[in-house]
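Student: Just passing along the structure, written as structure tokens.
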Amino acid sequence: MMVECPHCYLSVLPNSDNTCPSCGKNINDVTGTDLSNKIVEIKIGEELPFICCKCGQRADENVIVKETMSSSKFPVFLRIIFLFFRPLYLLVQDNNSKNIKLQLKMPICKMCKEVHEIKPSYVDFQNNKISFIVNSNFREELYKKRRKEQE
Ligand SMILES: [Zn+2]
Ligand SMILES: [Zn+2]
């Protein structure tokens, strides 16, 4: 049975000794974990509840989260060679600008914005999805929203 690991928040199939295959910690041992944190996968463009994603209280604003996948990372020595063949180098730069970019707005309250940096825990560039560790309240409201939209 898949369970959510209380340590790394991923949905995992625990090993026979109840350890998480992802982080190696015991999934039954919740000491030192924050149970109000949950992982959620958000699709780009999805409407989010206006609840702070960190504390689950009313949000004040949105933070923009941007992720870029660079399709080609050229080694430095190649860049230097390209500098001597400028037209070619420009061509390469043009190709680089076709990088896949994902952007979404996460609701947050003023207080959390000062102390937390909103960082994705996983980015799925193929399916336009970004996963975050969020407050369980935020996730619950998001799931409610999704259920409503399906009806
Ligand atoms: Zn884990
Ligand atoms: Zn907050």
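Following the order of the structure tokens, chains are lettered A, B, ..., residues in each are numbered from 1, and ligands are numbered from 1.
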Could you give me, as a list in words, the residues within 7 Å of range 35-39 of chain A, counting only C-alpha atoms and dropping anything in the same chain fewer than 4 positions from it?

Tutor: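 Counting only the stated atoms, we get Pro6, Tyr9, Leu10, Ser131, Phe132, Ile133, Val134, Asn135 and Ser136 of chain A.
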
Student: Residues up to 9 Å from ligand 1, counting only C-alpha atoms and all ligand atoms: could you list those as a PyMOL selection string?

Tutor: chain A and resi 4-12+14+19-27

Student: Write out, as a short mmCIF file (atom, residue, chain, number, x, y, z; two decimals), in the first residue's frame, the residues just selected, with N, CA and C atoms.

Tutor:
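The new file result_8.cif reads:
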data_model
loop_
_atom_site.label_atom_id
_atom_site.label_comp_id
_atom_site.auth_asym_id
_atom_site.auth_seq_id
_atom_site.Cartn_x
_atom_site.Cartn_y
_atom_site.Cartn_z
N GLU A 4 2.17 8.10 2.39
CA GLU A 4 2.95 9.32 2.30
C GLU A 4 4.00 9.32 3.39
N CYS A 5 5.23 9.37 3.01
CA CYS A 5 6.32 9.36 3.99
C CYS A 5 6.28 10.67 4.78
N PRO A 6 6.25 10.60 6.13
CA PRO A 6 6.18 11.83 6.93
C PRO A 6 7.50 12.60 6.93
N HIS A 7 8.55 12.01 6.38
CA HIS A 7 9.86 12.67 6.38
C HIS A 7 10.15 13.40 5.07
N CYS A 8 9.94 12.71 3.94
CA CYS A 8 10.23 13.36 2.65
C CYS A 8 8.95 13.70 1.90
N TYR A 9 7.79 13.33 2.46
CA TYR A 9 6.46 13.67 1.95
C TYR A 9 6.10 13.00 0.63
N LEU A 10 6.96 12.11 0.15
CA LEU A 10 6.64 11.45 -1.11
C LEU A 10 5.70 10.28 -0.87
N SER A 11 4.93 9.96 -1.89
CA SER A 11 4.07 8.79 -1.84
C SER A 11 4.92 7.58 -2.19
N VAL A 12 5.11 6.69 -1.23
CA VAL A 12 6.04 5.59 -1.45
C VAL A 12 5.44 4.25 -1.04
N PRO A 14 6.49 1.42 1.18
CA PRO A 14 7.55 1.23 2.19
C PRO A 14 8.24 -0.13 2.04
N THR A 19 10.85 1.15 6.28
CA THR A 19 11.64 2.33 5.93
C THR A 19 11.19 2.84 4.56
N CYS A 20 11.39 4.12 4.36
CA CYS A 20 11.00 4.76 3.11
C CYS A 20 12.07 4.50 2.05
N PRO A 21 11.70 3.99 0.87
CA PRO A 21 12.69 3.73 -0.17
C PRO A 21 13.33 5.00 -0.70
N SER A 22 12.70 6.14 -0.44
CA SER A 22 13.25 7.39 -0.97
C SER A 22 14.25 8.03 -0.01
N CYS A 23 13.89 8.14 1.27
CA CYS A 23 14.79 8.83 2.20
C CYS A 23 15.40 7.89 3.24
N GLY A 24 14.91 6.65 3.31
CA GLY A 24 15.51 5.67 4.21
C GLY A 24 15.07 5.76 5.66
N LYS A 25 14.16 6.68 5.96
CA LYS A 25 13.71 6.82 7.35
C LYS A 25 12.49 5.96 7.61
N ASN A 26 12.27 5.66 8.89
CA ASN A 26 11.14 4.83 9.27
C ASN A 26 9.83 5.62 9.11
N ILE A 27 8.91 5.07 8.34
CA ILE A 27 7.67 5.82 8.07
C ILE A 27 6.73 5.84 9.28
#

Student: Would you mind listing the residues within 8 Å of ligand 2, counting only C-alpha atoms and all ligand atoms, as a compact mmCIF listing (two decimals) with N, CA and C atoms, in the first residue's frame?

Tutor:
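Result file follows (selection_15.txt):
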# COMPACT_ATOMS: atom_id res chain seq x y z
N ILE A 51 -5.14 30.70 -0.13
CA ILE A 51 -4.75 30.35 1.23
C ILE A 51 -3.25 30.25 1.24
N CYS A 52 -2.63 30.75 2.31
CA CYS A 52 -1.17 30.70 2.36
C CYS A 52 -0.70 29.25 2.27
N CYS A 53 0.20 28.99 1.32
CA CYS A 53 0.63 27.61 1.10
C CYS A 53 1.56 27.11 2.21
N LYS A 54 2.03 28.02 3.05
CA LYS A 54 2.95 27.62 4.11
C LYS A 54 2.28 27.42 5.47
N CYS A 55 1.34 28.30 5.83
CA CYS A 55 0.74 28.19 7.16
C CYS A 55 -0.74 27.83 7.11
N GLY A 56 -1.35 27.89 5.93
CA GLY A 56 -2.75 27.50 5.81
C GLY A 56 -3.74 28.58 6.23
N GLN A 57 -3.24 29.77 6.55
CA GLN A 57 -4.12 30.89 6.89
C GLN A 57 -4.44 31.68 5.61
N ARG A 58 -5.20 32.75 5.80
CA ARG A 58 -5.57 33.56 4.65
C ARG A 58 -4.32 34.13 3.96
N ALA A 59 -4.30 34.08 2.64
CA ALA A 59 -3.14 34.60 1.91
C ALA A 59 -3.27 36.10 1.70
N ILE A 108 0.44 33.25 -0.66
CA ILE A 108 1.22 33.25 0.58
C ILE A 108 0.80 34.44 1.44
N CYS A 109 0.99 34.33 2.75
CA CYS A 109 0.69 35.47 3.62
C CYS A 109 1.96 36.29 3.82
N LYS A 110 1.79 37.49 4.32
CA LYS A 110 2.93 38.41 4.47
C LYS A 110 4.01 37.82 5.37
N MET A 111 3.56 37.22 6.48
CA MET A 111 4.53 36.71 7.44
C MET A 111 5.37 35.58 6.86
N CYS A 112 4.71 34.66 6.19
CA CYS A 112 5.43 33.52 5.63
C CYS A 112 6.37 33.95 4.51
N LYS A 113 5.95 34.99 3.79
CA LYS A 113 6.77 35.44 2.67
C LYS A 113 8.14 35.89 3.16

Student: Quick one: residues within 9 Å of Glu67 in chain A, only C-alpha atoms, excluding same-chain residues fewer than 3 positions away - as a compact mmCIF listing (two decimals) with N, CA and C atoms, in the first residue's frame?

Tutor:
# COMPACT_ATOMS: atom_id res chain seq x y z
N ILE A 100 12.45 25.10 -21.82
CA ILE A 100 11.10 24.97 -21.28
C ILE A 100 11.01 25.78 -19.99
N LYS A 101 10.02 26.66 -19.93
CA LYS A 101 9.85 27.48 -18.74
C LYS A 101 8.47 27.21 -18.14
N LEU A 102 8.46 27.02 -16.85
CA LEU A 102 7.20 26.86 -16.15
C LEU A 102 7.07 27.98 -15.13
N GLN A 103 5.87 28.50 -15.00
CA GLN A 103 5.68 29.59 -14.06
C GLN A 103 4.31 29.48 -13.42
N PRO A 120 10.08 24.54 -5.30
CA PRO A 120 9.44 23.29 -5.69
C PRO A 120 10.23 22.10 -5.15
N VAL A 123 9.92 19.15 -10.16
CA VAL A 123 9.36 19.82 -11.34
C VAL A 123 9.22 18.81 -12.46
N PHE A 125 8.59 18.79 -16.09
CA PHE A 125 8.54 19.65 -17.26
C PHE A 125 7.68 19.04 -18.38
N ILE A 130 4.28 21.17 -11.13
CA ILE A 130 5.30 21.42 -10.12
C ILE A 130 4.78 20.93 -8.78

Student: So that I can see what lies close to Lys105 in chain A, please list as a PyMOL selection string the residues with an atom at most 6 Å from it, counting only C-alpha atoms and leaving out residues fewer than 6 positions away in the same chain.

Tutor: chain A and resi 62-64

Student: When DSSP works through the backbone of this structure, what residues of chain A end up as strand (DSSP E), shown as a PyMOL selection string?

Tutor: chain A and resi 3-4+11-12+37-43+61-69+100-108+122-124+129-135

Student: Atoms to include: N, CA and C atoms. Write the selected residues as a short mmCIF file (atom, residue, chain, number, x, y, z; two decimals), in the first residue's frame.

Tutor:
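Writing done, so here's out18.cif:
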data_model
loop_
_atom_site.label_atom_id
_atom_site.label_comp_id
_atom_site.auth_asym_id
_atom_site.auth_seq_id
_atom_site.Cartn_x
_atom_site.Cartn_y
_atom_site.Cartn_z
N VAL A 3 1.98 4.85 0.89
CA VAL A 3 1.76 5.78 1.99
C VAL A 3 2.58 7.04 1.76
N GLU A 4 2.17 8.10 2.39
CA GLU A 4 2.95 9.32 2.30
C GLU A 4 4.00 9.32 3.39
N SER A 11 4.93 9.96 -1.89
CA SER A 11 4.07 8.79 -1.84
C SER A 11 4.92 7.58 -2.19
N VAL A 12 5.11 6.69 -1.23
CA VAL A 12 6.04 5.59 -1.45
C VAL A 12 5.44 4.25 -1.04
N ASN A 37 2.62 19.48 7.12
CA ASN A 37 3.16 19.63 5.78
C ASN A 37 2.78 18.45 4.90
N LYS A 38 2.35 18.75 3.68
CA LYS A 38 1.98 17.71 2.73
C LYS A 38 2.54 18.07 1.37
N ILE A 39 2.69 17.05 0.54
CA ILE A 39 3.15 17.34 -0.81
C ILE A 39 1.94 17.46 -1.74
N VAL A 40 2.02 18.38 -2.67
CA VAL A 40 0.93 18.52 -3.63
C VAL A 40 1.51 18.83 -5.00
N GLU A 41 0.87 18.24 -6.01
CA GLU A 41 1.31 18.47 -7.39
C GLU A 41 0.35 19.46 -8.02
N ILE A 42 0.90 20.55 -8.52
CA ILE A 42 0.06 21.60 -9.08
C ILE A 42 0.31 21.71 -10.58
N LYS A 43 -0.78 21.73 -11.33
CA LYS A 43 -0.66 21.89 -12.77
C LYS A 43 -0.58 23.37 -13.10
N GLU A 61 -0.90 37.66 -0.71
CA GLU A 61 -0.42 37.92 -2.07
C GLU A 61 0.05 36.61 -2.71
N ASN A 62 0.58 36.74 -3.92
CA ASN A 62 1.11 35.57 -4.61
C ASN A 62 2.61 35.72 -4.82
N VAL A 63 3.32 34.61 -4.73
CA VAL A 63 4.73 34.64 -5.13
C VAL A 63 4.85 33.89 -6.44
N ILE A 64 5.62 34.46 -7.33
CA ILE A 64 5.80 33.82 -8.63
C ILE A 64 6.95 32.82 -8.53
N VAL A 65 6.67 31.61 -8.94
CA VAL A 65 7.70 30.57 -8.95
C VAL A 65 8.02 30.27 -10.40
N LYS A 66 9.30 30.40 -10.75
CA LYS A 66 9.71 30.16 -12.13
C LYS A 66 10.72 29.02 -12.16
N GLU A 67 10.52 28.12 -13.08
CA GLU A 67 11.47 27.03 -13.25
C GLU A 67 11.84 26.93 -14.71
N THR A 68 13.11 26.75 -14.98
CA THR A 68 13.56 26.65 -16.36
C THR A 68 14.36 25.37 -16.54
N MET A 69 14.05 24.64 -17.58
CA MET A 69 14.87 23.49 -17.91
C MET A 69 15.76 23.86 -19.07
N ILE A 100 12.45 25.10 -21.82
CA ILE A 100 11.10 24.97 -21.28
C ILE A 100 11.01 25.78 -19.99
N LYS A 101 10.02 26.66 -19.93
CA LYS A 101 9.85 27.48 -18.74
C LYS A 101 8.47 27.21 -18.14
N LEU A 102 8.46 27.02 -16.85
CA LEU A 102 7.20 26.86 -16.15
C LEU A 102 7.07 27.98 -15.13
N GLN A 103 5.87 28.50 -15.00
CA GLN A 103 5.68 29.59 -14.06
C GLN A 103 4.31 29.48 -13.42
N LEU A 104 4.26 29.64 -12.13
CA LEU A 104 2.96 29.71 -11.47
C LEU A 104 3.03 30.62 -10.25
N LYS A 105 1.85 30.97 -9.75
CA LYS A 105 1.76 31.87 -8.61
C LYS A 105 1.27 31.10 -7.40
N MET A 106 2.03 31.15 -6.33
CA MET A 106 1.63 30.48 -5.11
C MET A 106 1.13 31.51 -4.10
N PRO A 107 -0.08 31.30 -3.57
CA PRO A 107 -0.62 32.24 -2.57
C PRO A 107 0.17 32.12 -1.27
N ILE A 108 0.44 33.25 -0.66
CA ILE A 108 1.22 33.25 0.58
C ILE A 108 0.80 34.44 1.44
N TYR A 122 9.68 19.13 -6.64
CA TYR A 122 9.89 18.37 -7.87
C TYR A 122 9.25 19.12 -9.03
N VAL A 123 9.92 19.15 -10.16
CA VAL A 123 9.36 19.82 -11.34
C VAL A 123 9.22 18.81 -12.46
N ASP A 124 8.00 18.68 -12.99
CA ASP A 124 7.71 17.77 -14.07
C ASP A 124 7.50 18.58 -15.35
N LYS A 129 3.87 20.28 -14.55
CA LYS A 129 3.44 20.19 -13.17
C LYS A 129 4.61 20.48 -12.23
N ILE A 130 4.28 21.17 -11.13
CA ILE A 130 5.30 21.42 -10.12
C ILE A 130 4.78 20.93 -8.78
N SER A 131 5.61 20.20 -8.06
CA SER A 131 5.23 19.71 -6.74
C SER A 131 5.83 20.59 -5.65
N PHE A 132 5.02 20.85 -4.63
CA PHE A 132 5.47 21.66 -3.50
C PHE A 132 5.13 20.97 -2.20
N ILE A 133 5.91 21.27 -1.17
CA ILE A 133 5.51 20.89 0.18
C ILE A 133 4.66 22.05 0.70
N VAL A 134 3.41 21.76 1.01
CA VAL A 134 2.50 22.83 1.42
C VAL A 134 1.84 22.48 2.75
N ASN A 135 1.18 23.45 3.32
CA ASN A 135 0.38 23.22 4.51
C ASN A 135 -0.81 22.33 4.15
#

Student: Could you write out, as number ranges by chain, all the residues of chain A that DSSP marks as alpha helix (DSSP H)?

Tutor: A: 76-84, 86-96, 110-115, 136-150

Student: If I take CA of Val115 in chain A and CA of Phe138 in chain A, how far is one from the other in Å, to one decimal?

Tutor: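 Here the two named atoms are 17.9 Å from each other.
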
Student: Quick one: distance from CA of Lys119 in chain A to CA of Asn18 in chain A in Å, one decimal?

Tutor: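 That distance, rounded to one decimal, is 28.3 Å.
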
Student: Just give me the gap between CA of Glu141 in chain A and CA of Phe50 in chain A in Å, one decimal is fine.

Tutor: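 Distance between the two atoms: 9.2 Å.
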